[in-house]
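Asks: Okay, here's the structure, questions in a sec.
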Amino acid sequence: HSFCTLLAMPGKQRVQQATTKKVAAPYPKETVVSQFSARPKNFGIGADVPYSRDISRFMRWPAFVTRQRKKRVLQRRLKIPPALNQFRQVADRSTRNETLKFVKKYAPETRKQRRERVRKAAEAKAKDSRKTVSTKAPTAVVTGLQEVTRAIERKEAKLVVIANNVDPIELVMWLPSLCRANKVPYAVVKDKA
């Protein structure tokens, strides 16, 4: 309280004591007169040009962009089942590069190479008709889901390389379990490209 009152006891005078607090004087503000008068903007038709807003949220994005974004949101929010999560654990960059270099050595032969091989086999057969000449194609990488599946089931596959970003992922989700069942080594690598 800013003051207090003492009540008089019998035989004593009533004393009233007022205490006042010193209040600091307000800081004097300098009044600066602006050279410009404040004038509210009018964004009506034909009036002031409106400021540029970020309208990227309201854009109509292409369907594939919205699909990608929704998929990312779902993947972040939902618990991922193990069959899907195995495609998140990919081979590290160096292993991936080594694997892809190795795979490139066994690239399927081109039409020109095949024509050359068949021509040489035909020449060898023409020289000696009794001699058996091998026309078998050299060992090459097998691509395509059906071909790879067939090779795994026949136990012809030596290594299966699976991309982690196949869309829809259901196409290759069962491949690792098929490889494990047939005891074929497999690797999940980043980027189908």
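Scheme for the structure tokens: letters A, B, ... for chains in order shown; per-chain residue numbers from 1; ligand numbers from 1 in order shown.
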Identify, on the basis of only C-alpha atoms, every residue whose closest approach to Lys120 of chain A does not exceed 10 Å; exclude the query and any residue fewer than 5 positions from it along the same chain; express the result as a PyMOL selection string.
Replies: chain A and resi 114-115+125-126+133+135
Asks: So that I can check the secondary structure, give me every residue of segment 78-186 of chain A assigned strand (DSSP E) by backbone DSSP, as a PyMOL selection string.
Replies: chain A and resi 160-163+186
Asks: Excluding segment 167-179 of chain A and any residue of its chain fewer than 2 positions from it, enumerate the residues within 10 Å of it, using only C-alpha atoms, and give them as a PyMOL selection string.
Replies: chain A and resi 83-87+145+148-149+152-153+155+157+159-165+181-188+192
Asks: Would you mind exporting N, CA and C atoms of the selected residues as a PDB file, in the first residue's frame?
Replies:
ATOM      1  N   ALA A  83       8.265 -56.235 -44.700  1.00  0.00           N
ATOM      2  CA  ALA A  83       8.416 -56.554 -46.126  1.00  0.00           C
ATOM      3  C   ALA A  83       8.748 -55.302 -46.940  1.00  0.00           C
ATOM      4  N   LEU A  84       8.220 -54.158 -46.499  1.00  0.00           N
ATOM      5  CA  LEU A  84       8.507 -52.891 -47.178  1.00  0.00           C
ATOM      6  C   LEU A  84       9.796 -52.268 -46.670  1.00  0.00           C
ATOM      7  N   ASN A  85      10.035 -52.419 -45.370  1.00  0.00           N
ATOM      8  CA  ASN A  85      11.173 -51.751 -44.744  1.00  0.00           C
ATOM      9  C   ASN A  85      12.510 -52.280 -45.257  1.00  0.00           C
ATOM     10  N   GLN A  86      12.530 -53.523 -45.744  1.00  0.00           N
ATOM     11  CA  GLN A  86      13.787 -54.084 -46.245  1.00  0.00           C
ATOM     12  C   GLN A  86      14.318 -53.298 -47.444  1.00  0.00           C
ATOM     13  N   PHE A  87      13.442 -52.549 -48.119  1.00  0.00           N
ATOM     14  CA  PHE A  87      13.890 -51.735 -49.248  1.00  0.00           C
ATOM     15  C   PHE A  87      14.451 -50.391 -48.792  1.00  0.00           C
ATOM     16  N   LEU A 145      11.454 -58.665 -64.808  1.00  0.00           N
ATOM     17  CA  LEU A 145      10.927 -59.377 -63.648  1.00  0.00           C
ATOM     18  C   LEU A 145      10.677 -60.858 -63.918  1.00  0.00           C
ATOM     19  N   VAL A 148      14.057 -62.772 -64.472  1.00  0.00           N
ATOM     20  CA  VAL A 148      14.806 -62.893 -63.209  1.00  0.00           C
ATOM     21  C   VAL A 148      14.155 -63.943 -62.317  1.00  0.00           C
ATOM     22  N   THR A 149      12.815 -63.897 -62.233  1.00  0.00           N
ATOM     23  CA  THR A 149      12.083 -64.872 -61.415  1.00  0.00           C
ATOM     24  C   THR A 149      12.354 -66.292 -61.903  1.00  0.00           C
ATOM     25  N   ILE A 152      15.830 -67.388 -60.915  1.00  0.00           N
ATOM     26  CA  ILE A 152      15.928 -67.715 -59.477  1.00  0.00           C
ATOM     27  C   ILE A 152      15.328 -69.098 -59.218  1.00  0.00           C
ATOM     28  N   GLU A 153      14.147 -69.346 -59.804  1.00  0.00           N
ATOM     29  CA  GLU A 153      13.463 -70.619 -59.565  1.00  0.00           C
ATOM     30  C   GLU A 153      14.236 -71.798 -60.146  1.00  0.00           C
ATOM     31  N   LYS A 155      17.374 -71.839 -60.242  1.00  0.00           N
ATOM     32  CA  LYS A 155      18.667 -71.754 -59.529  1.00  0.00           C
ATOM     33  C   LYS A 155      19.828 -71.445 -60.479  1.00  0.00           C
ATOM     34  N   ALA A 157      20.430 -68.179 -61.236  1.00  0.00           N
ATOM     35  CA  ALA A 157      20.881 -66.843 -60.825  1.00  0.00           C
ATOM     36  C   ALA A 157      22.033 -66.955 -59.831  1.00  0.00           C
ATOM     37  N   LEU A 159      23.491 -63.825 -58.600  1.00  0.00           N
ATOM     38  CA  LEU A 159      23.290 -62.622 -57.781  1.00  0.00           C
ATOM     39  C   LEU A 159      22.105 -61.858 -58.341  1.00  0.00           C
ATOM     40  N   VAL A 160      21.220 -61.425 -57.459  1.00  0.00           N
ATOM     41  CA  VAL A 160      20.053 -60.656 -57.877  1.00  0.00           C
ATOM     42  C   VAL A 160      20.200 -59.240 -57.331  1.00  0.00           C
ATOM     43  N   VAL A 161      20.132 -58.259 -58.216  1.00  0.00           N
ATOM     44  CA  VAL A 161      20.219 -56.849 -57.816  1.00  0.00           C
ATOM     45  C   VAL A 161      18.834 -56.235 -57.965  1.00  0.00           C
ATOM     46  N   ILE A 162      18.298 -55.729 -56.841  1.00  0.00           N
ATOM     47  CA  ILE A 162      16.936 -55.178 -56.821  1.00  0.00           C
ATOM     48  C   ILE A 162      17.023 -53.680 -56.526  1.00  0.00           C
ATOM     49  N   ALA A 163      16.283 -52.872 -57.290  1.00  0.00           N
ATOM     50  CA  ALA A 163      16.231 -51.425 -57.037  1.00  0.00           C
ATOM     51  C   ALA A 163      15.239 -51.156 -55.915  1.00  0.00           C
ATOM     52  N   ASN A 164      15.530 -50.124 -55.113  1.00  0.00           N
ATOM     53  CA  ASN A 164      14.654 -49.862 -53.963  1.00  0.00           C
ATOM     54  C   ASN A 164      13.506 -48.925 -54.289  1.00  0.00           C
ATOM     55  N   ASN A 165      13.546 -48.256 -55.434  1.00  0.00           N
ATOM     56  CA  ASN A 165      12.499 -47.268 -55.725  1.00  0.00           C
ATOM     57  C   ASN A 165      11.601 -47.676 -56.887  1.00  0.00           C
ATOM     58  N   ALA A 181      14.557 -68.220 -50.145  1.00  0.00           N
ATOM     59  CA  ALA A 181      14.039 -69.588 -50.236  1.00  0.00           C
ATOM     60  C   ALA A 181      14.906 -70.450 -51.154  1.00  0.00           C
ATOM     61  N   ASN A 182      15.428 -69.836 -52.222  1.00  0.00           N
ATOM     62  CA  ASN A 182      16.260 -70.582 -53.182  1.00  0.00           C
ATOM     63  C   ASN A 182      17.758 -70.426 -52.922  1.00  0.00           C
ATOM     64  N   LYS A 183      18.089 -69.796 -51.796  1.00  0.00           N
ATOM     65  CA  LYS A 183      19.500 -69.587 -51.396  1.00  0.00           C
ATOM     66  C   LYS A 183      20.311 -68.865 -52.483  1.00  0.00           C
ATOM     67  N   VAL A 184      19.696 -67.817 -53.036  1.00  0.00           N
ATOM     68  CA  VAL A 184      20.370 -66.983 -54.042  1.00  0.00           C
ATOM     69  C   VAL A 184      20.718 -65.645 -53.391  1.00  0.00           C
ATOM     70  N   PRO A 185      21.975 -65.207 -53.464  1.00  0.00           N
ATOM     71  CA  PRO A 185      22.307 -63.913 -52.850  1.00  0.00           C
ATOM     72  C   PRO A 185      21.648 -62.751 -53.599  1.00  0.00           C
ATOM     73  N   TYR A 186      21.206 -61.759 -52.843  1.00  0.00           N
ATOM     74  CA  TYR A 186      20.564 -60.593 -53.481  1.00  0.00           C
ATOM     75  C   TYR A 186      21.054 -59.312 -52.807  1.00  0.00           C
ATOM     76  N   ALA A 187      20.946 -58.219 -53.518  1.00  0.00           N
ATOM     77  CA  ALA A 187      21.332 -56.909 -52.982  1.00  0.00           C
ATOM     78  C   ALA A 187      20.274 -55.890 -53.377  1.00  0.00           C
ATOM     79  N   VAL A 188      19.902 -55.046 -52.408  1.00  0.00           N
ATOM     80  CA  VAL A 188      18.961 -53.950 -52.694  1.00  0.00           C
ATOM     81  C   VAL A 188      19.812 -52.708 -52.870  1.00  0.00           C
ATOM     82  N   LYS A 192      16.674 -47.073 -59.414  1.00  0.00           N
ATOM     83  CA  LYS A 192      16.539 -48.023 -60.509  1.00  0.00           C
ATOM     84  C   LYS A 192      17.293 -47.559 -61.748  1.00  0.00           C
TER      85      LYS A 192
END
Asks: Skipping near chain neighbours, those fewer than 6 positions away, what residues fall within 12 Å of Pro138 of chain A using only C-alpha atoms, listed as a list in words?
Replies: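 Near Pro138 of chain A, the qualifying residues are Lys105, Tyr106, Ala107, Pro108, Glu109, Thr110, Gln113, Arg114, Arg117 and Val118 of chain A.
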Asks: Print the selection's residues with all heavy atoms to a file, as a compact mmCIF listing (two decimals), in the first residue's frame.
Replies:
# COMPACT_ATOMS: atom_id res chain seq x y z
N LYS A 105 30.12 -55.51 -66.70
CA LYS A 105 31.01 -56.41 -67.45
C LYS A 105 30.22 -57.49 -68.18
O LYS A 105 30.65 -58.00 -69.20
CB LYS A 105 32.01 -57.09 -66.50
CG LYS A 105 33.09 -56.17 -65.99
CD LYS A 105 34.00 -56.94 -65.06
CE LYS A 105 34.97 -56.02 -64.35
NZ LYS A 105 35.74 -56.73 -63.33
N TYR A 106 29.08 -57.85 -67.60
CA TYR A 106 28.26 -58.92 -68.17
C TYR A 106 27.03 -58.36 -68.89
O TYR A 106 25.96 -58.99 -68.89
CB TYR A 106 27.83 -59.89 -67.07
CG TYR A 106 29.00 -60.64 -66.49
CD1 TYR A 106 29.60 -60.22 -65.29
CD2 TYR A 106 29.55 -61.73 -67.14
CE1 TYR A 106 30.69 -60.88 -64.77
CE2 TYR A 106 30.64 -62.41 -66.62
CZ TYR A 106 31.21 -61.97 -65.44
OH TYR A 106 32.29 -62.63 -64.93
N ALA A 107 27.18 -57.20 -69.50
CA ALA A 107 26.07 -56.60 -70.24
C ALA A 107 25.71 -57.50 -71.42
O ALA A 107 26.60 -58.11 -72.03
CB ALA A 107 26.46 -55.22 -70.74
N PRO A 108 24.43 -57.61 -71.74
CA PRO A 108 24.04 -58.46 -72.89
C PRO A 108 24.69 -57.96 -74.17
O PRO A 108 24.90 -56.76 -74.35
CB PRO A 108 22.53 -58.31 -72.95
CG PRO A 108 22.12 -57.78 -71.63
CD PRO A 108 23.27 -57.02 -71.10
N GLU A 109 25.03 -58.90 -75.09
CA GLU A 109 25.70 -58.51 -76.33
C GLU A 109 24.76 -57.72 -77.22
O GLU A 109 23.55 -57.95 -77.24
CB GLU A 109 26.26 -59.72 -77.05
CG GLU A 109 25.23 -60.74 -77.48
CD GLU A 109 25.83 -61.95 -78.16
OE1 GLU A 109 27.04 -61.95 -78.44
OE2 GLU A 109 25.08 -62.90 -78.41
N THR A 110 25.33 -56.81 -77.97
CA THR A 110 24.54 -56.01 -78.90
C THR A 110 24.25 -56.84 -80.15
O THR A 110 24.83 -57.91 -80.34
CB THR A 110 25.30 -54.72 -79.30
OG1 THR A 110 26.53 -55.10 -79.92
CG2 THR A 110 25.57 -53.84 -78.09
N GLN A 113 27.47 -57.38 -82.13
CA GLN A 113 28.34 -58.41 -81.53
C GLN A 113 27.79 -59.81 -81.81
O GLN A 113 28.54 -60.74 -82.09
CB GLN A 113 28.46 -58.18 -80.02
CG GLN A 113 29.30 -56.97 -79.64
CD GLN A 113 29.17 -56.63 -78.17
OE1 GLN A 113 28.18 -56.97 -77.53
NE2 GLN A 113 30.18 -55.96 -77.65
N ARG A 114 26.47 -59.94 -81.73
CA ARG A 114 25.83 -61.24 -81.97
C ARG A 114 26.05 -61.68 -83.42
O ARG A 114 26.40 -62.83 -83.69
CB ARG A 114 24.34 -61.16 -81.66
CG ARG A 114 23.63 -62.49 -81.78
CD ARG A 114 22.15 -62.37 -81.47
NE ARG A 114 21.51 -63.65 -81.59
CZ ARG A 114 21.14 -64.22 -82.76
NH1 ARG A 114 21.37 -63.60 -83.91
NH2 ARG A 114 20.56 -65.40 -82.77
N ARG A 117 29.55 -62.87 -83.82
CA ARG A 117 29.76 -64.19 -83.20
C ARG A 117 29.18 -65.30 -84.06
O ARG A 117 29.84 -66.33 -84.29
CB ARG A 117 29.11 -64.20 -81.80
CG ARG A 117 29.24 -65.52 -81.06
CD ARG A 117 28.65 -65.44 -79.67
NE ARG A 117 27.27 -65.00 -79.63
CZ ARG A 117 26.22 -65.78 -79.87
NH1 ARG A 117 26.40 -67.04 -80.20
NH2 ARG A 117 25.00 -65.30 -79.78
N VAL A 118 27.98 -65.10 -84.56
CA VAL A 118 27.31 -66.10 -85.40
C VAL A 118 28.08 -66.29 -86.72
O VAL A 118 28.25 -67.41 -87.20
CB VAL A 118 25.83 -65.72 -85.65
CG1 VAL A 118 25.18 -66.63 -86.68
CG2 VAL A 118 25.05 -65.75 -84.35
Asks: Can you tell me how far atom CA of Ala137 of chain A sits from atom CA of Lys158 of chain A, in Å to one decimal?
Replies: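 Going from atom CA of Ala137 of chain A over to atom CA of Lys158 of chain A, I get 17.2 Å.
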Asks: Got a sec to tell me which of segment 8-163 of chain A DSSP assigns to helix (DSSP H, G or I), as a count of residues only?
Replies: 61
Asks: Enter the distance from atom CA of Glu123 of chain A to atom CA of Lys136 of chain A, in Å, rounded to one decimal.
Replies: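 Distance reported for this atom pair: 15.2 Å.
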Asks: Can you measure atom CA of Arg72 of chain A to atom CA of Ala91 of chain A for me? One decimal in Å is fine.
Replies: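 These atoms are spaced 21.3 Å apart.
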